[in-house]
Amino acid sequence: MSGMDKLENKIEDLIFKNFKDIPKDFIFEFNLPPSEEMGDLSLACFSLAKILNEPSNVIADKITEKLKADGLIESAKAIGPYVNFKFNSGIFINTVIKEILEKKQDISSLKVKPKNKYIIEFSAPNTNKPLHLGHLRNTLLGNAMNNLFIKNGIKSVKLNLINDRGIHICKSMIAYQKWGENKTPETENKKGDHFVGDYYILFEQEAKENPSLFREVQEMLKKWEQGDQETIQLWQKMNHWAISGIEETYHKINVSFDKVYYESEIYKIGKDIVLKALKKGLCEKLPDGAVEINLESYGLGKKILIRADGTSVYVTQDIGLAKLKYNDFKPAKSIYVVASEQDYHFKVLFKILEIFGFPWAKNYEHFSYGMVNLPNGKMKSREGTVVEVDDIVAEMESLVKGEILKRNPNISPIDLSQRSKVIALSALKFFFLKFTPAQEIKFNPQESIAFEGATGTYLLYAYARIQSVIRKAFIDKTDIKEIDLINLQENEERELVKNLFIFRKILRESMVEYNPAILANYLIKLAQLFNVFYHKHQILDTDNEKLSRSRLFLIMAVSWIIKNGLDVLGIETVNEM
């Protein structure tokens, strides 16, 4: 057990000892008090009140009565439903900073054998267009949640579903068949996904004048499902172009997957499940031959599962994939990261799985998040009014280069290119992760790279500033075990230490709430506290060498927490801005 864990566990052990009805796996609600004068750690008693069936303020009073001051805990005081604890200053500060500096990059990880396995499916691109900002928010949320699960001692598997068949794919195929003139991404000097996406937009434009094109699309889908050789060859060629381009974008944003499913390989599984359910009377065949399930008694209406022409719909393949994921992983929890516009779809899917008799369906969850809009409204792929990830990354890099050159006009071209790539991507990722997932957001590139405010750039700048101070000093690696940090007694120093102390709690809260924004905004607050401390107190060249070295250790600990936190969010740091 770590030293920081012992600080909380001492309080927990005391409560368990005096309140026998509390389950041993109970998670206590520790947080920071709202003001310095109130102490170092606060315990909310609301959850305890539900278990013990007493008012929360009464429980807070009882905990305070049972506690006796010792070498670690100086005092405990009940204020309404909260108990505020004050630790021995020297033990508290030494424990927190030394543990961070000893563990460094391991400080964010629980050293426990994973007991549960989660699978999290995210991104889910279509092979008829490039990744856009909606995909980016999805992908970043899924990746951050996966990291949070792992850091909290859960084995997590990242899954992706490539939607590579269906009506939308056939639209780009029909357009290329009619107007492609045997062009290729190479002849047009375009990424494959952008090349294919142009034909999807072209189809939608032409279909406005010629609605009969939609019938041709439906016929092409039937041919595809029947294995028509010419259709399959065209599909393979265009899918290769699109998937190659999409994979290049994933590499650019440093996201990878443990397993990738392809809709073309799994859609028949769902169809077979539906046909078996039809035989059992769980759904019905309509006069035109379509298969439908009636969910009206659940407030979900009626849902077609197989079209009259025998082709599958989207929910059909999701039924098959749900079963396949369970067979492949037997997860304790299966999470779908999909935008809120699909809330109804997942209610339908989970209810169908339940009706079809799959007991594991109760462990399947929809991680719903808000849409990404542009300043002038919603993005629409079919109208070409989307912001594609490749384009926005390039624009962000250009903006960042301009900001770097303002501050460092003599930077070498190589350093400028490398640094701008990291900073641009960090700023972009942080912008999407700082919002609570349920929020709809408007994307503003200029706002996201600002050096002031709640931005990734602000965090990178704070981290780089600490690295600059450390480079000016020389600290023997063994010093941390010898030095006593008791001289860190300024309010700004103690506030930093208290916020460092709750880092692991923040990681857990972010995971439990499915909300990486909790971590993102914690890091912003930590950077703000550091900057207040930095501007108010001298670190190097003070008359007090011990104090100077203690402050160096303090800011080193801050930098490790910032680095660890950004790493969980999938964001790189830089040592110089």
# chains A, B, ... in the order shown; residues from 1 in each chain; ligands from 1

call {"tool": "select_by_dssp", "arguments": {"residues": "segment 194-371 of chain A", "states": "strand (DSSP E)", "output": "number ranges by chain"}}
result
A: 259-262, 284-285, 291-294, 302-306, 333-339, 364-369

call {"tool": "residues_around", "arguments": {"residues": "Lys171 of chain A", "least_positions_apart": "6", "cutoff": "10 Å", "atoms": "only C-alpha atoms", "output": "PyMOL selection string"}}
result
chain A and resi 128+177+199-204+207+213-214+216-218+220-221

call {"tool": "residues_around", "arguments": {"residues": "Asp328 of chain A", "least_positions_apart": "5", "cutoff": "12 Å", "atoms": "only C-alpha atoms", "output": "list in words"}}
result
Lys117, Ile119, Val157, Leu159, Lys259, Tyr261, Leu321, Ala322, Lys323 and Ser334 of chain A

call {"tool": "closest_residue", "arguments": {"among": "A:Gln467, A:Asn18, A:Asn138, A:Ser420", "to": "Ser340 of chain A", "atoms": "only C-alpha atoms"}}
result
A:Asn138

call {"tool": "residues_around", "arguments": {"residues": "segment 396-400 of chain A", "least_positions_apart": "3", "cutoff": "12 Å", "atoms": "only C-alpha atoms", "output": "ChimeraX atom specification"}}
result
/A:389-393,403-408,416-429,431,444-451,457,577

call {"tool": "select_by_dssp", "arguments": {"residues": "segment 139-320 of chain A", "states": "alpha helix (DSSP H)", "output": "VMD selection string"}}
result
chain A and resid 139 to 151 167 to 179 185 to 188 192 to 209 213 to 225 229 to 252 263 to 279 314 to 320

call {"tool": "residues_around", "arguments": {"residues": "Glu576 of chain A", "least_positions_apart": "6", "cutoff": "10 Å", "atoms": "only C-alpha atoms", "output": "ChimeraX atom specification"}}
result
/A:419,460-461,463-468

call {"tool": "decode", "arguments": {"residues": "segment 44-55 of chain A", "atoms": "all heavy atoms", "output": "tab-separated table (two decimals), in the first residue's frame"}}
result
chain	number	residue	atom	x	y	z
A	44	ALA	N	-17.44	13.42	2.68
A	44	ALA	CA	-18.88	13.63	2.60
A	44	ALA	C	-19.59	12.39	3.13
A	44	ALA	O	-19.21	11.26	2.83
A	44	ALA	CB	-19.28	13.88	1.14
A	45	CYS	N	-20.64	12.60	3.90
A	45	CYS	CA	-21.31	11.49	4.59
A	45	CYS	C	-22.67	11.13	3.99
A	45	CYS	O	-23.45	10.40	4.59
A	45	CYS	CB	-21.48	11.82	6.07
A	45	CYS	SG	-19.91	12.06	6.93
A	46	PHE	N	-22.96	11.62	2.78
A	46	PHE	CA	-24.27	11.38	2.18
A	46	PHE	C	-24.50	9.90	1.89
A	46	PHE	O	-25.56	9.35	2.20
A	46	PHE	CB	-24.42	12.20	0.89
A	46	PHE	CG	-24.24	13.68	1.10
A	46	PHE	CD1	-23.10	14.33	0.66
A	46	PHE	CD2	-25.23	14.42	1.75
A	46	PHE	CE1	-22.93	15.69	0.86
A	46	PHE	CE2	-25.08	15.79	1.95
A	46	PHE	CZ	-23.92	16.42	1.51
A	47	SER	N	-23.51	9.24	1.27
A	47	SER	CA	-23.66	7.82	0.95
A	47	SER	C	-23.71	6.98	2.22
A	47	SER	O	-24.43	5.97	2.29
A	47	SER	CB	-22.52	7.35	0.05
A	47	SER	OG	-22.54	8.03	-1.18
A	48	LEU	N	-22.93	7.37	3.22
A	48	LEU	CA	-22.96	6.65	4.50
A	48	LEU	C	-24.34	6.76	5.15
A	48	LEU	O	-24.81	5.80	5.78
A	48	LEU	CB	-21.90	7.24	5.44
A	48	LEU	CG	-20.44	6.88	5.14
A	48	LEU	CD1	-19.50	7.73	5.98
A	48	LEU	CD2	-20.19	5.40	5.39
A	49	ALA	N	-24.98	7.90	4.97
A	49	ALA	CA	-26.31	8.11	5.57
A	49	ALA	C	-27.32	7.11	5.02
A	49	ALA	O	-28.18	6.60	5.76
A	49	ALA	CB	-26.78	9.54	5.31
A	50	LYS	N	-27.22	6.79	3.74
A	50	LYS	CA	-28.14	5.83	3.13
A	50	LYS	C	-27.95	4.43	3.71
A	50	LYS	O	-28.91	3.69	3.90
A	50	LYS	CB	-27.94	5.82	1.61
A	50	LYS	CG	-28.32	7.12	0.93
A	50	LYS	CD	-28.04	7.06	-0.56
A	50	LYS	CE	-28.35	8.40	-1.23
A	50	LYS	NZ	-28.03	8.37	-2.68
A	51	ILE	N	-26.69	4.08	3.96
A	51	ILE	CA	-26.39	2.75	4.48
A	51	ILE	C	-26.75	2.64	5.96
A	51	ILE	O	-27.34	1.65	6.40
A	51	ILE	CB	-24.89	2.42	4.27
A	51	ILE	CG1	-24.59	2.31	2.77
A	51	ILE	CG2	-24.50	1.13	4.99
A	51	ILE	CD1	-23.13	2.14	2.45
A	52	LEU	N	-26.40	3.65	6.71
A	52	LEU	CA	-26.59	3.60	8.16
A	52	LEU	C	-27.96	4.10	8.60
A	52	LEU	O	-28.30	4.03	9.80
A	52	LEU	CB	-25.50	4.42	8.85
A	52	LEU	CG	-24.05	3.94	8.57
A	52	LEU	CD1	-23.05	4.90	9.18
A	52	LEU	CD2	-23.85	2.53	9.10
A	53	ASN	N	-28.72	4.63	7.65
A	53	ASN	CA	-30.09	5.08	7.93
A	53	ASN	C	-30.13	6.13	9.05
A	53	ASN	O	-30.98	6.10	9.94
A	53	ASN	CB	-30.98	3.88	8.29
A	53	ASN	CG	-32.46	4.21	8.14
A	53	ASN	OD1	-32.83	5.06	7.33
A	53	ASN	ND2	-33.30	3.55	8.92
A	54	GLU	N	-29.21	7.07	8.96
A	54	GLU	CA	-29.17	8.20	9.89
A	54	GLU	C	-28.85	9.45	9.09
A	54	GLU	O	-28.24	9.38	8.01
A	54	GLU	CB	-28.10	7.99	10.96
A	54	GLU	CG	-28.45	6.97	12.02
A	54	GLU	CD	-27.45	7.01	13.17
A	54	GLU	OE1	-26.35	6.44	13.00
A	54	GLU	OE2	-27.76	7.62	14.21
A	55	PRO	N	-29.22	10.62	9.58
A	55	PRO	CA	-28.88	11.86	8.86
A	55	PRO	C	-27.36	12.00	8.69
A	55	PRO	O	-26.59	11.61	9.57
A	55	PRO	CB	-29.44	12.96	9.77
A	55	PRO	CG	-30.50	12.28	10.56
A	55	PRO	CD	-30.02	10.89	10.78
